[in-house]
>>> print(open('upload.tsv').read())   # TSV, C-alpha atoms
chain	number	residue	atom	x	y	z
V	1	MET	CA	-58.28	25.66	30.60
V	2	SER	CA	-57.31	29.18	31.50
V	3	ILE	CA	-54.17	31.23	31.41
V	4	HIS	CA	-53.62	33.26	34.55
V	5	SER	CA	-50.70	35.49	33.64
V	6	ILE	CA	-47.58	36.01	31.53
V	7	TYR	CA	-44.21	37.37	32.65
V	8	ILE	CA	-41.19	38.09	30.49
V	9	VAL	CA	-37.77	38.22	32.14
V	10	SER	CA	-34.82	39.73	30.30
V	11	LYS	CA	-31.35	38.24	29.93
V	12	SER	CA	-30.01	40.20	32.89
V	13	GLY	CA	-32.78	38.96	35.19
V	14	GLY	CA	-35.14	41.92	35.42
V	15	MET	CA	-38.81	41.61	34.59
V	16	ILE	CA	-39.64	43.53	31.43
V	17	PHE	CA	-43.25	42.57	30.85
V	18	ASN	CA	-46.21	41.34	32.81
V	19	TYR	CA	-49.82	40.71	31.80
V	20	ASP	CA	-52.65	39.28	33.91
V	21	HIS	CA	-55.17	37.57	31.70
V	22	ASN	CA	-57.58	35.48	33.71
V	23	TYR	CA	-56.49	35.91	37.26
V	24	PRO	CA	-59.17	34.16	39.36
V	25	LYS	CA	-60.55	36.34	42.09
V	26	VAL	CA	-60.96	34.67	45.44
V	27	GLU	CA	-63.30	36.76	47.53
V	28	THR	CA	-65.78	36.00	50.29
V	29	GLU	CA	-68.31	38.47	51.58
V	30	ARG	CA	-70.07	37.87	54.89
V	31	THR	CA	-72.04	39.78	57.47
V	32	PHE	CA	-70.28	40.08	60.79
V	33	ASN	CA	-71.53	40.97	64.23
V	34	PHE	CA	-69.69	42.67	67.05
V	35	PRO	CA	-67.25	41.42	68.36
V	36	LEU	CA	-65.37	40.23	65.31
V	37	GLU	CA	-64.32	36.58	65.56
V	38	LEU	CA	-61.20	37.28	63.47
V	39	LYS	CA	-58.04	39.01	64.56
V	40	LEU	CA	-56.95	41.68	62.09
V	41	GLU	CA	-53.60	43.42	61.92
V	42	VAL	CA	-52.27	46.30	59.86
V	43	ARG	CA	-49.42	45.19	57.64
V	44	ASN	CA	-48.06	47.13	54.66
V	45	LYS	CA	-50.94	49.61	55.04
V	46	LYS	CA	-53.49	46.82	54.60
V	47	LEU	CA	-55.64	44.93	57.10
V	48	ILE	CA	-54.73	41.25	57.13
V	49	VAL	CA	-56.42	38.39	58.98
V	50	VAL	CA	-53.81	36.88	61.30
V	51	PHE	CA	-55.97	34.51	63.29
V	52	GLY	CA	-59.41	32.97	63.06
V	53	GLY	CA	-61.77	31.80	60.37
V	54	GLN	CA	-62.13	28.40	58.73
V	55	LYS	CA	-60.23	26.86	55.84
V	56	ASP	CA	-62.94	27.20	53.20
V	57	ALA	CA	-64.23	30.63	54.13
V	58	VAL	CA	-62.28	33.55	55.48
V	59	CYS	CA	-58.91	32.38	56.74
V	60	ALA	CA	-55.54	33.69	57.84
V	61	GLY	CA	-53.57	35.51	55.19
V	62	GLN	CA	-56.52	37.17	53.47
V	63	THR	CA	-56.92	40.92	53.24
V	64	LEU	CA	-59.96	43.05	54.03
V	65	LEU	CA	-61.07	44.37	50.65
V	66	SER	CA	-64.30	46.28	51.27
V	67	ILE	CA	-66.82	47.24	53.95
V	68	ASN	CA	-70.52	47.30	53.00
V	69	GLY	CA	-69.50	47.40	49.37
V	70	LYS	CA	-67.19	50.39	49.75
V	71	PRO	CA	-63.60	49.51	48.75
V	72	ILE	CA	-60.72	50.09	51.13
V	73	CYS	CA	-57.73	52.17	50.05
V	74	GLU	CA	-54.17	52.25	51.38
V	75	GLY	CA	-53.95	53.36	55.01
V	76	PRO	CA	-56.15	51.47	55.69
V	77	ILE	CA	-58.91	54.02	55.13
V	78	LEU	CA	-62.21	54.11	53.29
V	79	GLU	CA	-62.76	56.34	50.27
V	80	ASP	CA	-64.38	59.05	52.40
V	81	GLY	CA	-61.42	59.09	54.79
V	82	THR	CA	-62.75	57.15	57.79
V	83	ASN	CA	-60.12	55.04	59.48
V	84	VAL	CA	-61.03	51.38	59.10
V	85	VAL	CA	-59.56	50.24	62.41
V	86	GLU	CA	-61.67	52.81	64.29
V	87	PHE	CA	-64.72	51.80	62.27
V	88	LEU	CA	-64.33	48.15	63.23
V	89	THR	CA	-63.80	48.80	66.94
V	90	ASN	CA	-66.98	50.87	67.17
V	91	GLU	CA	-69.87	48.60	68.13
V	92	ALA	CA	-72.46	50.93	66.63
V	93	ASN	CA	-71.30	50.10	63.10
V	94	PHE	CA	-72.24	46.42	63.38
V	95	PRO	CA	-73.70	44.23	61.89
V	96	THR	CA	-71.69	45.08	58.80
V	97	SER	CA	-70.82	43.21	55.62
V	98	LEU	CA	-67.11	42.64	55.09
V	99	LYS	CA	-65.39	41.28	52.01
V	100	PHE	CA	-62.14	39.35	52.37
V	101	GLY	CA	-59.89	38.00	49.69
V	102	LYS	CA	-56.41	37.62	48.36
V	103	SER	CA	-55.11	41.09	47.57
V	104	ARG	CA	-53.86	41.81	44.09
V	105	MET	CA	-50.10	42.15	43.76
V	106	SER	CA	-48.78	45.62	43.09
V	107	THR	CA	-46.53	46.20	40.08
V	108	ASN	CA	-43.51	46.39	42.38
V	109	GLU	CA	-44.29	43.02	43.89
V	110	LYS	CA	-44.71	41.51	40.45
V	111	MET	CA	-41.35	42.87	39.35
V	112	PHE	CA	-39.81	41.47	42.50
V	113	LEU	CA	-41.26	38.03	41.85
V	114	GLY	CA	-40.34	38.07	38.18
V	115	SER	CA	-36.77	38.92	39.03
V	116	MET	CA	-36.68	36.30	41.79
V	117	PHE	CA	-37.36	33.60	39.25
V	118	TYR	CA	-34.07	34.19	37.43
V	119	PRO	CA	-31.66	32.94	40.17
V	120	LEU	CA	-33.96	30.02	41.00
V	121	TYR	CA	-33.74	28.97	37.37
V	122	ALA	CA	-29.94	29.16	37.50
V	123	ILE	CA	-29.59	27.22	40.76
V	124	ALA	CA	-31.80	24.44	39.42
V	125	SER	CA	-29.32	23.70	36.66
V	126	GLN	CA	-26.47	23.83	39.16
V	127	ILE	CA	-27.82	21.33	41.69
V	128	SER	CA	-28.78	18.86	39.00
V	129	PRO	CA	-27.59	15.27	39.57
V	130	GLU	CA	-27.34	14.81	35.78
V	131	PRO	CA	-24.88	16.80	33.70
V	132	HIS	CA	-26.02	19.45	31.19
V	133	SER	CA	-29.37	20.13	32.71
V	134	SER	CA	-31.37	23.15	31.68
V	135	GLY	CA	-33.05	25.37	34.24
V	136	ILE	CA	-36.60	25.05	35.51
V	137	GLN	CA	-39.05	24.31	32.74
V	138	ILE	CA	-42.24	23.50	34.62
V	139	ILE	CA	-43.27	24.04	38.23
V	140	GLU	CA	-46.35	22.11	39.32
V	141	ALA	CA	-48.21	23.18	42.40
V	142	GLU	CA	-51.61	22.16	43.61
V	143	ASN	CA	-53.69	24.83	41.90
V	144	PHE	CA	-51.54	26.22	39.10
V	145	LYS	CA	-48.71	25.35	36.76
V	146	LEU	CA	-45.85	27.61	35.81
V	147	HIS	CA	-44.09	27.08	32.45
V	148	CYS	CA	-40.85	28.71	31.41
V	149	LEU	CA	-39.27	28.89	27.99
V	150	GLN	CA	-35.71	30.15	27.82
V	151	THR	CA	-34.77	31.30	24.35
V	152	LEU	CA	-31.31	31.14	22.84
V	153	THR	CA	-30.84	34.82	23.65
V	154	GLY	CA	-31.50	34.29	27.36
V	155	VAL	CA	-34.98	35.85	27.51
V	156	LYS	CA	-37.41	33.84	29.61
V	157	PHE	CA	-41.12	33.62	28.88
V	158	ILE	CA	-43.08	32.55	31.94
V	159	LEU	CA	-46.69	31.42	31.67
V	160	ILE	CA	-48.89	30.69	34.67
V	161	THR	CA	-51.90	28.51	33.88
V	162	ASP	CA	-54.32	26.21	35.62
V	163	PRO	CA	-53.07	22.65	36.17
V	164	LYS	CA	-55.10	21.07	33.36
V	165	PHE	CA	-53.66	23.17	30.56
V	166	VAL	CA	-52.27	21.20	27.62
V	167	GLY	CA	-49.94	22.37	24.88
V	168	VAL	CA	-48.21	25.23	26.65
V	169	ASP	CA	-45.02	24.79	24.64
V	170	ILE	CA	-46.82	25.85	21.50
V	171	VAL	CA	-48.34	28.87	23.24
V	172	LEU	CA	-44.92	29.90	24.54
V	173	ARG	CA	-43.43	29.61	21.07
V	174	ARG	CA	-46.23	31.75	19.64
V	175	VAL	CA	-45.61	34.37	22.33
V	176	TYR	CA	-41.93	34.30	21.36
V	177	GLU	CA	-42.92	34.85	17.73
V	178	ILE	CA	-45.14	37.79	18.63
V	179	TYR	CA	-42.33	39.18	20.80
V	180	SER	CA	-39.82	39.02	17.97
V	181	ASP	CA	-42.31	40.56	15.53
V	182	TYR	CA	-43.71	43.44	17.55
V	183	VAL	CA	-41.01	44.18	20.11
V	184	LEU	CA	-37.65	43.39	18.58
V	185	LYS	CA	-38.56	44.78	15.19
V	186	ASN	CA	-39.85	47.97	16.80
V	187	PRO	CA	-37.20	50.64	16.07
V	188	PHE	CA	-38.03	52.55	19.25
V	189	TYR	CA	-37.53	49.60	21.58
V	190	ALA	CA	-34.23	49.26	23.45
V	191	LEU	CA	-33.15	45.79	24.58
V	192	GLU	CA	-33.69	44.79	28.21
V	193	MET	CA	-36.03	47.74	28.79
V	194	PRO	CA	-39.65	47.30	29.95
V	195	ILE	CA	-41.89	46.52	27.01
V	196	ARG	CA	-44.40	49.25	26.19
V	197	CYS	CA	-45.44	48.34	22.65
V	198	ASP	CA	-49.17	48.52	21.93
V	199	LEU	CA	-49.11	46.15	18.97
V	200	PHE	CA	-47.40	43.51	21.10
V	201	LEU	CA	-50.05	43.74	23.81
V	202	GLU	CA	-52.88	43.67	21.27
V	203	ASN	CA	-51.59	40.62	19.48
V	204	LEU	CA	-50.82	38.90	22.74
V	205	LYS	CA	-54.38	39.43	23.95
V	206	LEU	CA	-55.71	38.07	20.66
V	207	LEU	CA	-53.52	35.01	20.98
V	208	LEU	CA	-54.58	34.30	24.56
V	209	GLU	CA	-58.26	34.67	23.79
V	210	GLU	CA	-57.93	32.42	20.78
V	211	VAL	CA	-56.13	29.78	22.84
V	212	GLU	CA	-58.76	29.86	25.56
V	213	LYS	CA	-61.72	29.62	23.21
V	214	PHE	CA	-60.54	27.19	20.61
V	215	GLY	CA	-57.62	25.38	22.24
V	216	ILE	CA	-54.23	25.09	20.61
V	217	SER	CA	-54.06	24.94	16.82
V	218	TYR	CA	-51.01	23.56	15.13
V	219	LYS	CA	-50.45	26.28	12.55
J	1	MET	CA	-37.49	5.50	36.34
J	2	THR	CA	-34.67	6.51	38.63
J	3	ILE	CA	-34.18	8.09	41.99
J	4	TYR	CA	-31.08	10.27	42.15
J	5	ASN	CA	-30.85	11.60	45.66
J	6	LEU	CA	-32.75	12.72	48.73
J	7	TYR	CA	-32.21	15.66	51.07
J	8	MET	CA	-33.95	16.10	54.41
J	9	PHE	CA	-34.03	19.44	56.22
J	10	ASP	CA	-35.50	20.27	59.59
J	11	LYS	CA	-37.55	23.39	60.15
J	12	THR	CA	-34.52	25.57	60.96
J	13	GLY	CA	-32.88	24.67	57.67
J	14	SER	CA	-30.05	22.41	58.74
J	15	LEU	CA	-29.38	19.36	56.62
J	16	VAL	CA	-30.53	16.37	58.62
J	17	TYR	CA	-29.93	13.60	56.09
J	18	TYR	CA	-28.56	13.17	52.59
J	19	GLY	CA	-29.07	9.91	50.68
J	20	GLU	CA	-27.60	9.27	47.25
J	21	TRP	CA	-28.37	6.50	44.82
J	22	VAL	CA	-27.29	7.70	41.38
J	23	ARG	CA	-25.21	10.77	40.71
J	24	LYS	CA	-23.73	11.32	37.27
J	25	LYS	CA	-22.45	14.82	37.80
J	26	PRO	CA	-19.97	15.03	40.68
J	27	ALA	CA	-20.77	17.61	43.34
J	28	THR	CA	-18.85	20.84	42.89
J	29	MET	CA	-19.06	21.76	46.57
J	30	SER	CA	-19.08	20.14	49.98
J	31	LYS	CA	-22.18	18.41	51.30
J	32	GLU	CA	-23.00	21.18	53.80
J	33	GLU	CA	-22.69	23.90	51.19
J	34	GLU	CA	-24.82	22.01	48.76
J	35	GLY	CA	-27.36	21.41	51.50
J	36	LYS	CA	-27.52	25.13	52.21
J	37	LEU	CA	-27.89	25.91	48.52
J	38	VAL	CA	-30.73	23.44	48.09
J	39	TYR	CA	-32.45	24.66	51.23
J	40	GLY	CA	-32.20	28.29	50.18
J	41	MET	CA	-33.54	27.37	46.78
J	42	ILE	CA	-36.61	25.48	48.02
J	43	PHE	CA	-37.33	28.08	50.68
J	44	SER	CA	-37.31	30.89	48.13
J	45	LEU	CA	-39.23	28.79	45.63
J	46	ARG	CA	-41.89	28.00	48.22
J	47	SER	CA	-42.45	31.65	49.17
J	48	PHE	CA	-42.43	32.55	45.48
J	49	LEU	CA	-45.19	30.02	44.81
J	50	LEU	CA	-47.24	31.20	47.79
J	51	LYS	CA	-47.15	34.76	46.52
J	52	ILE	CA	-47.81	34.03	42.89
J	53	SER	CA	-50.58	31.52	43.47
J	54	PRO	CA	-54.04	32.77	42.50
J	55	THR	CA	-55.70	30.92	45.39
J	56	ASP	CA	-54.36	29.86	48.76
J	57	ILE	CA	-52.14	26.82	48.73
J	58	GLN	CA	-53.37	24.05	51.02
J	59	ASP	CA	-51.06	21.31	49.88
J	60	ASN	CA	-47.55	21.05	51.25
J	61	SER	CA	-45.84	19.71	48.20
J	62	PHE	CA	-44.80	20.86	44.76
J	63	CYS	CA	-42.40	19.71	42.07
J	64	TYR	CA	-40.45	21.22	39.22
J	65	ARG	CA	-39.04	19.74	36.04
J	66	THR	CA	-35.95	20.67	34.09
J	67	SER	CA	-34.82	19.02	30.90
J	68	LYS	CA	-32.97	16.27	32.78
J	69	TYR	CA	-34.47	15.75	36.24
J	70	LYS	CA	-37.46	16.42	38.42
J	71	LEU	CA	-37.28	17.82	41.91
J	72	ASN	CA	-40.07	16.79	44.26
J	73	TYR	CA	-40.67	18.56	47.52
J	74	TYR	CA	-42.80	17.49	50.46
J	75	GLU	CA	-43.14	19.31	53.77
J	76	SER	CA	-44.50	17.50	56.77
J	77	PRO	CA	-46.86	19.31	59.18
J	78	THR	CA	-43.96	19.56	61.68
J	79	GLY	CA	-41.75	21.45	59.26
J	80	LEU	CA	-39.52	18.61	58.10
J	81	LYS	CA	-38.70	19.15	54.43
J	82	LEU	CA	-38.01	16.27	52.06
J	83	VAL	CA	-36.47	17.00	48.68
J	84	MET	CA	-36.07	14.15	46.21
J	85	ASN	CA	-34.54	14.34	42.72
J	86	THR	CA	-35.91	11.74	40.33
J	87	ASP	CA	-36.08	11.28	36.60
J	88	LEU	CA	-38.71	13.03	34.52
J	89	ASN	CA	-41.42	10.39	34.54
J	90	SER	CA	-41.74	9.64	38.23
J	91	SER	CA	-44.28	10.90	40.70
J	92	PRO	CA	-42.91	10.06	44.13
J	93	LYS	CA	-45.32	12.06	46.25
J	94	ASP	CA	-46.62	8.93	48.00
J	95	LEU	CA	-43.10	7.66	48.45
J	96	LEU	CA	-42.10	10.90	50.17
J	97	LYS	CA	-45.11	10.73	52.45
J	98	SER	CA	-44.33	7.15	53.41
J	99	ILE	CA	-40.66	8.00	53.98
J	100	TYR	CA	-41.82	10.57	56.49
J	101	ALA	CA	-44.53	8.45	58.12
J	102	GLN	CA	-42.93	5.04	58.14
J	103	ILE	CA	-39.21	5.71	58.34
J	104	TYR	CA	-38.58	9.12	59.86
J	105	VAL	CA	-41.31	8.98	62.51
J	106	GLU	CA	-40.51	5.41	63.47
J	107	TYR	CA	-36.72	5.51	63.52
J	108	VAL	CA	-35.84	9.13	64.23
J	109	ALA	CA	-38.72	10.90	65.94
J	110	LYS	CA	-39.29	7.97	68.26
J	111	ASN	CA	-35.57	7.51	68.87
J	112	PRO	CA	-34.74	8.84	72.37
J	113	LEU	CA	-31.11	9.39	71.43
J	114	SER	CA	-31.63	11.54	68.35
J	115	LEU	CA	-31.61	15.29	68.92
J	116	PRO	CA	-33.49	17.72	66.71
J	117	GLY	CA	-31.24	19.61	64.32
J	118	GLU	CA	-28.54	16.98	64.35
J	119	TYR	CA	-27.52	14.92	61.36
J	120	ILE	CA	-29.08	11.45	61.42
J	121	ASN	CA	-26.29	8.95	61.98
J	122	SER	CA	-28.53	6.02	62.72
J	123	GLU	CA	-27.64	3.01	60.58
J	124	LEU	CA	-31.06	1.50	61.13
J	125	PHE	CA	-32.63	4.59	59.58
J	126	ALA	CA	-30.37	4.38	56.53
J	127	GLN	CA	-31.06	0.68	56.15
J	128	LYS	CA	-34.82	1.02	56.39
J	129	LEU	CA	-34.77	3.98	54.02
J	130	ASN	CA	-32.84	2.02	51.40
J	131	GLN	CA	-35.25	-0.85	51.82
J	132	LEU	CA	-38.32	1.31	51.30
J	133	VAL	CA	-36.82	3.11	48.31
J	134	SER	CA	-35.69	-0.08	46.56
J	135	MET	CA	-39.15	-1.58	46.99
J	136	SER	CA	-40.83	1.41	45.41
J	137	PRO	CA	-41.95	1.06	41.75
J	138	ILE	CA	-39.97	4.19	40.85
J	139	TYR	CA	-36.65	2.53	41.60
J	140	SER	CA	-35.44	0.77	38.49
J	141	GLN	CA	-32.72	-1.43	37.09
J	142	ARG	CA	-30.61	1.61	36.35
J	143	ASN	CA	-30.15	2.26	40.03
J	144	LEU	CA	-28.50	-1.07	40.67
>>> encode(input="upload.tsv", output="structure tokens")
Amino acid sequence: MSIHSIYIVSKSGGMIFNYDHNYPKVETERTFNFPLELKLEVRNKKLIVVFGGQKDAVCAGQTLLSINGKPICEGPILEDGTNVVEFLTNEANFPTSLKFGKSRMSTNEKMFLGSMFYPLYAIASQISPEPHSSGIQIIEAENFKLHCLQTLTGVKFILITDPKFVGVDIVLRRVYEIYSDYVLKNPFYALEMPIRCDLFLENLKLLLEEVEKFGISYK
Amino acid sequence: MTIYNLYMFDKTGSLVYYGEWVRKKPATMSKEEEGKLVYGMIFSLRSFLLKISPTDIQDNSFCYRTSKYKLNYYESPTGLKLVMNTDLNSSPKDLLKSIYAQIYVEYVAKNPLSLPGEYINSELFAQKLNQLVSMSPIYSQRNL
């Protein structure tokens, strides 16, 4: 029963808040010998596996996160400046331990995704075979569930949880309450702007931890 | 327990079949335009889910619920996309898989006269599809 992340999308469609609570890290570390049985390519300044590997271990789509415990920065280069591609083509550096995993999304990517949700929500109510349908309320995929609450003012609260989570509506309503208490009543906050209120974040964290430990309480 | 309609898209995105059983709200646009809208929607939704998912997605199906209907999506390994709108309580994942395996493969893929990317005009396909759907437990009195 874990909550992965929360996004808040404003009335005009832009993402104004994002918080990752319990984002599960998928990483595999293995020792590799020369030559590498995976094909790596540089995309967006990161090394991505494009071919090779098995389904349960390292597979296509994962990014190279660290070499021998040293994390890889944008470039792709190591912290001390060595070019990773050169490092991996040099046979003398093997056997070496490489860690692969799903790379974390940058803030820009998260904003992009948050804003992408808004038109999808609108189209869902348009293609409905029944009249007066709302937009998307729940999306169920194999390993997560996405819940959306649209308030009367058009603000959308999006919660991404694991598939077994029960009682999300109550959690969304509590988040809405905290939002109206610590964001809207904040005299320095302008509507539709990104939310940077400390009290909101604090209370949100408290709420999420409480929900994870004790389940939902009907206060 | 109702089935509203079914869209089938090939891997390039062209609407290959549209089947309708119940439709309360009349379509506001032509069939092709609606097909393109639905395809664009599920394509964007699928890439959105791939990006936002904490672990890699192995399954080829997902579904979403609104206050009035549920959209179920299944993609076959060959890239054929099936989109079915049902009521809120149904779970037609097996039905979608059997539509692909028993109806599409038998009456379209194995049909020497059907070309990929073309709309399916085969009456036998439509008949067998209606048969399979009406036999499914999701199909109810309301559909008749």
>>> interface_residues(input="upload.tsv", of="chain V", to="chain J", cutoff="10 Å", atoms="all atoms listed in the file", output="ChimeraX atom specification")
/V:4-5,22-27,55,59-62,101-105,109-110,112-114,116-117,119-121,123-148,160-162
>>> write_last_selection(input="upload.tsv", atoms="C-alpha atoms", output="PDB file, keeping the file's coordinate frame")
ATOM      1  CA  HIS V   4     -53.620  33.260  34.550  1.00  0.00           C
ATOM      2  CA  SER V   5     -50.700  35.490  33.640  1.00  0.00           C
ATOM      3  CA  ASN V  22     -57.580  35.480  33.710  1.00  0.00           C
ATOM      4  CA  TYR V  23     -56.490  35.910  37.260  1.00  0.00           C
ATOM      5  CA  PRO V  24     -59.170  34.160  39.360  1.00  0.00           C
ATOM      6  CA  LYS V  25     -60.550  36.340  42.090  1.00  0.00           C
ATOM      7  CA  VAL V  26     -60.960  34.670  45.440  1.00  0.00           C
ATOM      8  CA  GLU V  27     -63.300  36.760  47.530  1.00  0.00           C
ATOM      9  CA  LYS V  55     -60.230  26.860  55.840  1.00  0.00           C
ATOM     10  CA  CYS V  59     -58.910  32.380  56.740  1.00  0.00           C
ATOM     11  CA  ALA V  60     -55.540  33.690  57.840  1.00  0.00           C
ATOM     12  CA  GLY V  61     -53.570  35.510  55.190  1.00  0.00           C
ATOM     13  CA  GLN V  62     -56.520  37.170  53.470  1.00  0.00           C
ATOM     14  CA  GLY V 101     -59.890  38.000  49.690  1.00  0.00           C
ATOM     15  CA  LYS V 102     -56.410  37.620  48.360  1.00  0.00           C
ATOM     16  CA  SER V 103     -55.110  41.090  47.570  1.00  0.00           C
ATOM     17  CA  ARG V 104     -53.860  41.810  44.090  1.00  0.00           C
ATOM     18  CA  MET V 105     -50.100  42.150  43.760  1.00  0.00           C
ATOM     19  CA  GLU V 109     -44.290  43.020  43.890  1.00  0.00           C
ATOM     20  CA  LYS V 110     -44.710  41.510  40.450  1.00  0.00           C
ATOM     21  CA  PHE V 112     -39.810  41.470  42.500  1.00  0.00           C
ATOM     22  CA  LEU V 113     -41.260  38.030  41.850  1.00  0.00           C
ATOM     23  CA  GLY V 114     -40.340  38.070  38.180  1.00  0.00           C
ATOM     24  CA  MET V 116     -36.680  36.300  41.790  1.00  0.00           C
ATOM     25  CA  PHE V 117     -37.360  33.600  39.250  1.00  0.00           C
ATOM     26  CA  PRO V 119     -31.660  32.940  40.170  1.00  0.00           C
ATOM     27  CA  LEU V 120     -33.960  30.020  41.000  1.00  0.00           C
ATOM     28  CA  TYR V 121     -33.740  28.970  37.370  1.00  0.00           C
ATOM     29  CA  ILE V 123     -29.590  27.220  40.760  1.00  0.00           C
ATOM     30  CA  ALA V 124     -31.800  24.440  39.420  1.00  0.00           C
ATOM     31  CA  SER V 125     -29.320  23.700  36.660  1.00  0.00           C
ATOM     32  CA  GLN V 126     -26.470  23.830  39.160  1.00  0.00           C
ATOM     33  CA  ILE V 127     -27.820  21.330  41.690  1.00  0.00           C
ATOM     34  CA  SER V 128     -28.780  18.860  39.000  1.00  0.00           C
ATOM     35  CA  PRO V 129     -27.590  15.270  39.570  1.00  0.00           C
ATOM     36  CA  GLU V 130     -27.340  14.810  35.780  1.00  0.00           C
ATOM     37  CA  PRO V 131     -24.880  16.800  33.700  1.00  0.00           C
ATOM     38  CA  HIS V 132     -26.020  19.450  31.190  1.00  0.00           C
ATOM     39  CA  SER V 133     -29.370  20.130  32.710  1.00  0.00           C
ATOM     40  CA  SER V 134     -31.370  23.150  31.680  1.00  0.00           C
ATOM     41  CA  GLY V 135     -33.050  25.370  34.240  1.00  0.00           C
ATOM     42  CA  ILE V 136     -36.600  25.050  35.510  1.00  0.00           C
ATOM     43  CA  GLN V 137     -39.050  24.310  32.740  1.00  0.00           C
ATOM     44  CA  ILE V 138     -42.240  23.500  34.620  1.00  0.00           C
ATOM     45  CA  ILE V 139     -43.270  24.040  38.230  1.00  0.00           C
ATOM     46  CA  GLU V 140     -46.350  22.110  39.320  1.00  0.00           C
ATOM     47  CA  ALA V 141     -48.210  23.180  42.400  1.00  0.00           C
ATOM     48  CA  GLU V 142     -51.610  22.160  43.610  1.00  0.00           C
ATOM     49  CA  ASN V 143     -53.690  24.830  41.900  1.00  0.00           C
ATOM     50  CA  PHE V 144     -51.540  26.220  39.100  1.00  0.00           C
ATOM     51  CA  LYS V 145     -48.710  25.350  36.760  1.00  0.00           C
ATOM     52  CA  LEU V 146     -45.850  27.610  35.810  1.00  0.00           C
ATOM     53  CA  HIS V 147     -44.090  27.080  32.450  1.00  0.00           C
ATOM     54  CA  CYS V 148     -40.850  28.710  31.410  1.00  0.00           C
ATOM     55  CA  ILE V 160     -48.890  30.690  34.670  1.00  0.00           C
ATOM     56  CA  THR V 161     -51.900  28.510  33.880  1.00  0.00           C
ATOM     57  CA  ASP V 162     -54.320  26.210  35.620  1.00  0.00           C
TER      58      ASP V 162
END
>>> closest_residue(input="upload.tsv", among="J:Pro112, J:Thr78, J:Ile120, J:Ser90", to="Ser136 in chain J", atoms="all atoms listed in the file")
J:Ser90
>>> atom_distance(input="upload.tsv", atom1="CA of Ile138 in chain J", atom2="CA of Lys36 in chain J")
26.9 Å
>>> atom_distance(input="upload.tsv", atom1="CA of Ile158 in chain V", atom2="CA of Lys93 in chain J")
25.1 Å
>>> closest_residue(input="upload.tsv", among="V:Phe34, V:Phe100, V:Phe188, V:Tyr182", to="Leu204 in chain V", atoms="all atoms listed in the file")
V:Tyr182
>>> residues_around(input="upload.tsv", residues="range 76-81 of chain V", least_positions_apart="5", cutoff="8 Å", atoms="all atoms listed in the file", output="number ranges by chain")
V: 42, 45-47, 70-71
>>> write_last_selection(input="upload.tsv", atoms="C-alpha atoms", output="JSON list (two decimals), in the frame of the given file")
[["chain", "number", "residue", "atom", "x", "y", "z"],
["V", 42, "VAL", "CA", -52.27, 46.30, 59.86],
["V", 45, "LYS", "CA", -50.94, 49.61, 55.04],
["V", 46, "LYS", "CA", -53.49, 46.82, 54.60],
["V", 47, "LEU", "CA", -55.64, 44.93, 57.10],
["V", 70, "LYS", "CA", -67.19, 50.39, 49.75],
["V", 71, "PRO", "CA", -63.60, 49.51, 48.75]]
>>> residues_around(input="upload.tsv", residues="Leu80 in chain J", least_positions_apart="4", cutoff="8 Å", atoms="all atoms listed in the file", output="ChimeraX atom specification")
/J:8-11,75-76
>>> closest_residue(input="upload.tsv", among="V:Gln150, V:Thr107, V:Thr89, V:Asn83", to="Val9 in chain V", atoms="all atoms listed in the file")
V:Gln150
>>> atom_distance(input="upload.tsv", atom1="CA of Leu207 in chain V", atom2="CA of Val155 in chain V")
19.7 Å
>>> closest_residue(input="upload.tsv", among="V:Leu159, V:Leu199, V:Val58, V:Leu64", to="Asp20 in chain V", atoms="only C-alpha atoms")
V:Leu159
>>> residues_near_point(input="upload.tsv", point="(-46.3, 38.5, 20.3)", cutoff="10 Å", atoms="only C-alpha atoms", output="list in words")
Leu172, Arg173, Arg174, Val175, Tyr176, Glu177, Ile178, Tyr179, Ser180, Asp181, Tyr182, Val183, Leu199, Phe200, Leu201, Glu202, Asn203, Leu204, Lys205, Leu206 and Leu207 of chain V
>>> write_last_selection(input="upload.tsv", atoms="C-alpha atoms", output="short mmCIF file (atom, residue, chain, number, x, y, z; two decimals), keeping the file's coordinate frame")
data_model
loop_
_atom_site.label_atom_id
_atom_site.label_comp_id
_atom_site.auth_asym_id
_atom_site.auth_seq_id
_atom_site.Cartn_x
_atom_site.Cartn_y
_atom_site.Cartn_z
CA LEU V 172 -44.92 29.90 24.54
CA ARG V 173 -43.43 29.61 21.07
CA ARG V 174 -46.23 31.75 19.64
CA VAL V 175 -45.61 34.37 22.33
CA TYR V 176 -41.93 34.30 21.36
CA GLU V 177 -42.92 34.85 17.73
CA ILE V 178 -45.14 37.79 18.63
CA TYR V 179 -42.33 39.18 20.80
CA SER V 180 -39.82 39.02 17.97
CA ASP V 181 -42.31 40.56 15.53
CA TYR V 182 -43.71 43.44 17.55
CA VAL V 183 -41.01 44.18 20.11
CA LEU V 199 -49.11 46.15 18.97
CA PHE V 200 -47.40 43.51 21.10
CA LEU V 201 -50.05 43.74 23.81
CA GLU V 202 -52.88 43.67 21.27
CA ASN V 203 -51.59 40.62 19.48
CA LEU V 204 -50.82 38.90 22.74
CA LYS V 205 -54.38 39.43 23.95
CA LEU V 206 -55.71 38.07 20.66
CA LEU V 207 -53.52 35.01 20.98
#
>>> closest_residue(input="upload.tsv", among="V:Met1, V:Phe51, V:Val166, V:Asn186", to="Asp198 in chain V", atoms="all atoms listed in the file")
V:Asn186
>>> residues_near_point(input="upload.tsv", point="(-72.1, 44.1, 58.6)", cutoff="8 Å", atoms="only C-alpha atoms", output="number ranges by chain")
V: 30-33, 67-68, 93-98
